[in-house]
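Taking it in order: structure first as structure tokens, then the write-up.
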Amino acid sequence: MDKERLKGKNVLITGAAQGMGAAVGEHFAAQGAKICLTDVNLDGCKEVEERIRSAGGEAISCKVDVRNREDHVAAVKATVENFGSLNVSINNAGVNKPLFFMDITEENYDFIMDINVRGALLGMQEQARQMIKQGKQKEPYKIIHVASILSRETFDDVVVYGMSKHAIAALIKGGAKSLVEHGITVNGYGPGVVRTELWEQLDKDLVAIGKFDKPGESMDSIAENMILMKRYSYPEDVVGTASFLASSESDYMTGQILMIDGGMVIQ
Ligand SMILES: NC(=O)c1ccc[n+]([C@@H]2O[C@H](COP(=O)([O-])OP(=O)(O)OC[C@H]3O[C@@H](n4cnc5c(N)ncnc54)[C@H](O)[C@@H]3O)[C@@H](O)[C@H]2O)c1
């Protein structure tokens with residue numbers, strides 16, 4: 001691993017208490033970045049912070065509910081106060097709750113869309129506001145969104161989640177066009193099936209709505225029947241692509257989504 005790949009990058013991550021957000025935070029810190037870990041679960045962030053510090057890295061934690069603009073403002077402020085500036089953000093917080101189409105409720109829609117879409121938009125605005133204030137620099141600032149295979153495809157039991165991740169694709173395109181004049185790039189990465197707590201819960205919910213018969217079947221069945229590489233993934237499978245998008249190696253990219261899905265959705 002290149003321990004200096006992200007040296008000089010001050011990075012804010014949402015949804016960083018567990019799963020991919022935590023893994024990306026630890027990977028970035030091991031590559032020299034300073035990390036502001038944010039989540040509704042502050043205790044989870046502090047555990048990740050402790051692991052980063054014990055490994056010799058630098059991190060702080062901040063409680064953020066991505067649905068609240070003032071929480072984003074506070075997290076950006078904490079990043080700048082502790083590290084001097086904000087160079088990179090990863091808008092990673094996200095939820096899923098599967099329902100078949102005719103069962104979708106207003107509550108289900110609001111829950112998913114508020115966190116996945118409104119949260120990413122508000123975060124992006126406040127991160128960009130700080131980057132604009134810092135002024136254009138030789139290396140672009142980078143706003144990175146966590147998209148999904150469901151930014152390109154959707155299925156009958158996750159229509160609202162698919163809508164939310166298609167909205168993230170639009171946010172990436174619109175953001176890239178809106179922020180380029182300020183020296184900010186906007187890109188995303190799209191995981192496929194990643195074994196995190198989100199998927200453990202999804203697996204239970206899919207059994208509850210009758211999509212699969214028994215726990216664990218969903219991931220194995222999807223891996224066998226829908227993923228070219230015949231396996232689902234782990235957070236470790238995505239951290240390298242996230243690091244590439246945060247690094248200067250991707251400076252000439254904007255408005256793009258890179259899929260990391262073992263060949264599940266090819267376009
Ligand atoms: N796991 C997958 O298969 C998969 C696939 C494609 C995309 N994704 C996306 O990757 C991202 C990370 O997912 P994960 O699988 O690591 O999930 P995860 O459940 O392990 O982690 C998500 C984190 O987001 C936090 N969070 C939830 N609501 C929040 C809110 N209102 N404000 C702030 N934080 C909040 C949770 O506390 C949690 O720590 C999400 O955007 C998800 O949609 C996941």
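Just remember, in the structure tokens the first chain shown is A, the second B, etc., residues are 1-based per chain, and ligands are 1-based in the order shown.
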### Task
Produce as a VMD selection string the set of residues near ligand 1, where near means within 8 Å with only C-alpha atoms and all ligand atoms considered.
chain A and resid 14 to 22 38 to 41 44 63 to 67 91 to 96 114 to 116 119 146 to 150 161 165 190 to 199 233 235
Selection to disk with C-alpha atoms, as a PDB file, in the first residue's frame:
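Result file follows (again-v1.pdb):
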```
ATOM      1  CA  THR A  14     -20.785  10.384   6.099  1.00  0.00           C
ATOM      2  CA  GLY A  15     -22.151   7.083   7.426  1.00  0.00           C
ATOM      3  CA  ALA A  16     -18.666   6.193   8.677  1.00  0.00           C
ATOM      4  CA  ALA A  17     -19.543   4.266  11.858  1.00  0.00           C
ATOM      5  CA  GLN A  18     -19.568   0.863  10.134  1.00  0.00           C
ATOM      6  CA  GLY A  19     -19.633  -0.936   6.792  1.00  0.00           C
ATOM      7  CA  MET A  20     -18.065   0.643   3.739  1.00  0.00           C
ATOM      8  CA  GLY A  21     -17.837   4.140   5.261  1.00  0.00           C
ATOM      9  CA  ALA A  22     -15.691   2.839   8.134  1.00  0.00           C
ATOM     10  CA  THR A  38     -19.521  11.319  10.718  1.00  0.00           C
ATOM     11  CA  ASP A  39     -22.650   9.286  11.437  1.00  0.00           C
ATOM     12  CA  VAL A  40     -25.854   9.308  13.496  1.00  0.00           C
ATOM     13  CA  ASN A  41     -24.020   6.635  15.490  1.00  0.00           C
ATOM     14  CA  GLY A  44     -19.472   3.747  16.189  1.00  0.00           C
ATOM     15  CA  LYS A  63     -22.409  13.292  15.039  1.00  0.00           C
ATOM     16  CA  VAL A  64     -24.299  13.975  11.815  1.00  0.00           C
ATOM     17  CA  ASP A  65     -27.802  13.084  10.731  1.00  0.00           C
ATOM     18  CA  VAL A  66     -27.465  13.674   6.994  1.00  0.00           C
ATOM     19  CA  ARG A  67     -31.062  14.911   6.797  1.00  0.00           C
ATOM     20  CA  ASN A  91     -21.256  11.002   0.820  1.00  0.00           C
ATOM     21  CA  ASN A  92     -21.749   7.411   1.881  1.00  0.00           C
ATOM     22  CA  ALA A  93     -24.638   7.334   4.419  1.00  0.00           C
ATOM     23  CA  GLY A  94     -27.496   5.282   3.024  1.00  0.00           C
ATOM     24  CA  VAL A  95     -30.354   2.936   3.889  1.00  0.00           C
ATOM     25  CA  ASN A  96     -32.570   0.394   2.179  1.00  0.00           C
ATOM     26  CA  ASP A 114     -34.640  11.610   2.881  1.00  0.00           C
ATOM     27  CA  ILE A 115     -31.447   9.838   3.883  1.00  0.00           C
ATOM     28  CA  ASN A 116     -30.138   8.725   0.500  1.00  0.00           C
ATOM     29  CA  GLY A 119     -28.856  13.793   2.793  1.00  0.00           C
ATOM     30  CA  VAL A 146     -21.735   6.339  -3.082  1.00  0.00           C
ATOM     31  CA  ALA A 147     -23.989   5.235  -5.918  1.00  0.00           C
ATOM     32  CA  SER A 148     -24.938   1.599  -6.591  1.00  0.00           C
ATOM     33  CA  ILE A 149     -25.635  -0.963  -9.283  1.00  0.00           C
ATOM     34  CA  LEU A 150     -29.147   0.392  -8.683  1.00  0.00           C
ATOM     35  CA  TYR A 161     -33.979   2.459  -3.279  1.00  0.00           C
ATOM     36  CA  LYS A 165     -29.609   5.770  -6.372  1.00  0.00           C
ATOM     37  CA  GLY A 190     -21.293   1.977  -7.386  1.00  0.00           C
ATOM     38  CA  PRO A 191     -20.920  -1.157  -5.266  1.00  0.00           C
ATOM     39  CA  GLY A 192     -22.912  -4.299  -6.099  1.00  0.00           C
ATOM     40  CA  VAL A 193     -23.738  -6.725  -3.274  1.00  0.00           C
ATOM     41  CA  VAL A 194     -21.495  -5.948  -0.315  1.00  0.00           C
ATOM     42  CA  ARG A 195     -21.704  -7.955   2.885  1.00  0.00           C
ATOM     43  CA  THR A 196     -22.252  -5.171   5.440  1.00  0.00           C
ATOM     44  CA  GLU A 197     -24.864  -4.626   8.140  1.00  0.00           C
ATOM     45  CA  LEU A 198     -27.060  -3.009   5.494  1.00  0.00           C
ATOM     46  CA  TRP A 199     -27.102  -6.326   3.580  1.00  0.00           C
ATOM     47  CA  SER A 233     -18.164  -8.572  -2.104  1.00  0.00           C
ATOM     48  CA  PRO A 235     -15.964  -3.478   2.008  1.00  0.00           C
TER      49      PRO A 235
END
```
### Who sits within 8 Å of A:Leu258, only C-alpha atoms, same chain under 6 positions skipped, as an MDAnalysis selection string
chainID A and resid 188:190 241
Serialized selection, C-alpha atoms, as a JSON list (two decimals), in the first residue's frame:
```
[["chain", "number", "residue", "atom", "x", "y", "z"],
["A", 188, "GLY", "CA", -19.21, 8.32, -7.59],
["A", 189, "TYR", "CA", -18.63, 4.62, -7.14],
["A", 190, "GLY", "CA", -21.29, 1.98, -7.39],
["A", 241, "THR", "CA", -11.65, 2.49, -6.16]]
```
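Across A:Ile172, A:Leu99, A:Ile260, A:Ile227, the tightest approach to A:Gly240 is made by A:Ile260 when counting only C-alpha atoms.
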### Message
Give me, as a PyMOL selection string, all polymer residues having an atom no more than 8 Å from A:Thr254, counting only C-alpha atoms and skipping those fewer than 2 positions away in the same chain.
### Response
chain A and resi 176+185-187+252+256
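Comparing A:Asn225, A:Gln125, A:Thr79, A:Asn10 by their smallest distance to A:Gly263, the closest is A:Asn225 (using only C-alpha atoms).
Comparing A:Ile144, A:Val73, A:Ile184, A:Val88 by their smallest distance to A:Ala120, the closest is A:Ile144 (using only C-alpha atoms).
Taking only stretch 3-171 of chain A, the residues that DSSP calls strand (DSSP E or B) from the backbone come to Asn10, Val11, Leu12, Ile13, Lys34, Ile35, Cys36, Leu37, Thr38, Asp39, Glu58, Ala59, Ile60, Ser61, Cys62, Lys63, Val88, Ser89, Ile90, Asn91, Leu99, Tyr141, Lys142, Ile143, Ile144, His145, Val146 and Val158 of chain A.
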## Note on the structure
Restricting to only C-alpha atoms, whichever of A:Leu202, A:Val180, A:Met259, A:Ala167 is closest to A:Ala128 is A:Val180
### Task
For each of A:Met124, A:Met163, A:Val76, A:Met1, take the minimum atom-to-atom distance to A:Ser178, counting only C-alpha atoms, then give the residue where this is smallest.
A:Met124
### Message
Just list as JSON, numbers by chain whatever in stretch 4-212 of chain A DSSP marks as alpha helix (DSSP H).
### Response
{"A": [19, 20, 21, 22, 23, 24, 25, 26, 27, 28, 29, 30, 42, 43, 44, 45, 46, 47, 48, 49, 50, 51, 52, 53, 54, 69, 70, 71, 72, 73, 74, 75, 76, 77, 78, 79, 80, 81, 82, 83, 106, 107, 108, 109, 110, 111, 112, 113, 119, 120, 121, 122, 123, 124, 125, 126, 127, 128, 129, 130, 131, 132, 133, 134, 159, 160, 161, 162, 163, 164, 165, 166, 167, 168, 169, 170, 171, 172, 173, 174, 175, 176, 177, 178, 179, 197, 198, 199, 200, 201, 202, 203, 204, 205, 206, 207, 208]}
Atoms to include: C-alpha atoms. Write the selected residues as a short mmCIF file (atom, residue, chain, number, x, y, z; two decimals), in the first residue's frame.
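Saved as result22.cif:
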```
data_model
loop_
_atom_site.label_atom_id
_atom_site.label_comp_id
_atom_site.auth_asym_id
_atom_site.auth_seq_id
_atom_site.Cartn_x
_atom_site.Cartn_y
_atom_site.Cartn_z
CA GLY A 19 -19.63 -0.94 6.79
CA MET A 20 -18.06 0.64 3.74
CA GLY A 21 -17.84 4.14 5.26
CA ALA A 22 -15.69 2.84 8.13
CA ALA A 23 -13.54 0.70 5.80
CA VAL A 24 -12.95 3.64 3.46
CA GLY A 25 -12.02 5.84 6.43
CA GLU A 26 -9.47 3.33 7.72
CA HIS A 27 -8.03 2.71 4.25
CA PHE A 28 -7.71 6.44 3.51
CA ALA A 29 -6.07 7.11 6.89
CA ALA A 30 -3.55 4.33 6.20
CA LEU A 42 -21.30 8.70 17.19
CA ASP A 43 -20.08 5.79 19.36
CA GLY A 44 -19.47 3.75 16.19
CA CYS A 45 -17.42 6.61 14.71
CA LYS A 46 -15.36 6.83 17.90
CA GLU A 47 -14.52 3.12 17.64
CA VAL A 48 -13.35 3.61 14.05
CA GLU A 49 -11.44 6.72 15.15
CA GLU A 50 -9.70 4.67 17.85
CA ARG A 51 -8.66 2.01 15.32
CA ILE A 52 -7.29 4.72 13.00
CA ARG A 53 -5.36 6.38 15.83
CA SER A 54 -3.92 3.06 17.08
CA ARG A 69 -28.25 20.87 7.06
CA GLU A 70 -26.92 22.25 10.35
CA ASP A 71 -25.25 18.89 11.10
CA HIS A 72 -23.36 19.09 7.79
CA VAL A 73 -22.35 22.68 8.57
CA ALA A 74 -20.99 21.56 11.97
CA ALA A 75 -19.07 18.61 10.47
CA VAL A 76 -17.45 20.78 7.81
CA LYS A 77 -16.53 23.32 10.50
CA ALA A 78 -15.00 20.58 12.70
CA THR A 79 -12.95 19.30 9.74
CA VAL A 80 -11.57 22.75 8.98
CA GLU A 81 -10.89 23.59 12.64
CA ASN A 82 -8.97 20.35 13.17
CA PHE A 83 -7.24 19.86 9.82
CA GLU A 106 -45.21 7.21 2.02
CA GLU A 107 -43.15 6.30 5.13
CA ASN A 108 -40.97 3.90 3.15
CA TYR A 109 -40.47 6.50 0.41
CA ASP A 110 -39.67 9.33 2.84
CA PHE A 111 -37.29 7.18 4.92
CA ILE A 112 -35.17 6.11 1.95
CA MET A 113 -35.31 9.31 -0.09
CA GLY A 119 -28.86 13.79 2.79
CA ALA A 120 -26.43 13.61 -0.13
CA LEU A 121 -27.67 16.90 -1.63
CA LEU A 122 -27.42 18.86 1.64
CA GLY A 123 -24.02 17.38 2.42
CA MET A 124 -22.73 18.18 -1.03
CA GLN A 125 -23.91 21.80 -0.82
CA GLU A 126 -22.23 22.44 2.53
CA GLN A 127 -19.02 20.66 1.49
CA ALA A 128 -18.94 22.66 -1.76
CA ARG A 129 -19.64 25.91 0.11
CA GLN A 130 -16.44 25.37 2.12
CA MET A 131 -14.40 24.33 -0.93
CA ILE A 132 -15.56 27.43 -2.83
CA LYS A 133 -14.58 29.57 0.16
CA GLN A 134 -11.09 28.04 0.19
CA VAL A 159 -37.90 0.34 -6.49
CA VAL A 160 -37.60 3.27 -4.07
CA TYR A 161 -33.98 2.46 -3.28
CA GLY A 162 -33.35 2.26 -7.04
CA MET A 163 -35.04 5.65 -7.46
CA SER A 164 -32.79 7.07 -4.75
CA LYS A 165 -29.61 5.77 -6.37
CA HIS A 166 -30.72 6.95 -9.84
CA ALA A 167 -31.15 10.35 -8.17
CA ILE A 168 -27.54 10.09 -6.98
CA ALA A 169 -26.49 9.60 -10.61
CA ALA A 170 -28.34 12.81 -11.49
CA LEU A 171 -26.73 14.60 -8.54
CA ILE A 172 -23.30 13.54 -9.78
CA LYS A 173 -24.01 14.77 -13.33
CA GLY A 174 -25.65 18.03 -12.21
CA GLY A 175 -23.04 18.59 -9.51
CA ALA A 176 -20.15 18.09 -11.94
CA LYS A 177 -21.63 20.72 -14.27
CA SER A 178 -22.43 23.16 -11.45
CA LEU A 179 -19.15 23.00 -9.53
CA GLU A 197 -24.86 -4.63 8.14
CA LEU A 198 -27.06 -3.01 5.49
CA TRP A 199 -27.10 -6.33 3.58
CA GLU A 200 -27.55 -8.42 6.73
CA GLN A 201 -30.72 -6.40 7.44
CA LEU A 202 -31.78 -6.48 3.79
CA ASP A 203 -31.41 -10.26 3.80
CA LYS A 204 -33.81 -10.50 6.78
CA ASP A 205 -36.25 -8.03 5.19
CA LEU A 206 -36.25 -9.97 1.89
CA VAL A 207 -37.24 -13.13 3.78
CA ALA A 208 -39.94 -11.14 5.63
#
```
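Restricting the calculation to only C-alpha atoms, the smallest distance between A:Ile143 and any of A:Val117, A:Met102, A:Val11, A:Val265 is found for A:Val11.
Between atom CA of A:Ile35 and atom CA of A:Tyr141 the separation is 15.0 Å.
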#### Entry: Separation of atom CA of A:Ile104 from atom CA of A:Asp213 in Å
21.0 Å
### Distance in Å - atom CA of A:His145 versus atom CA of A:Ile90
5.7 Å
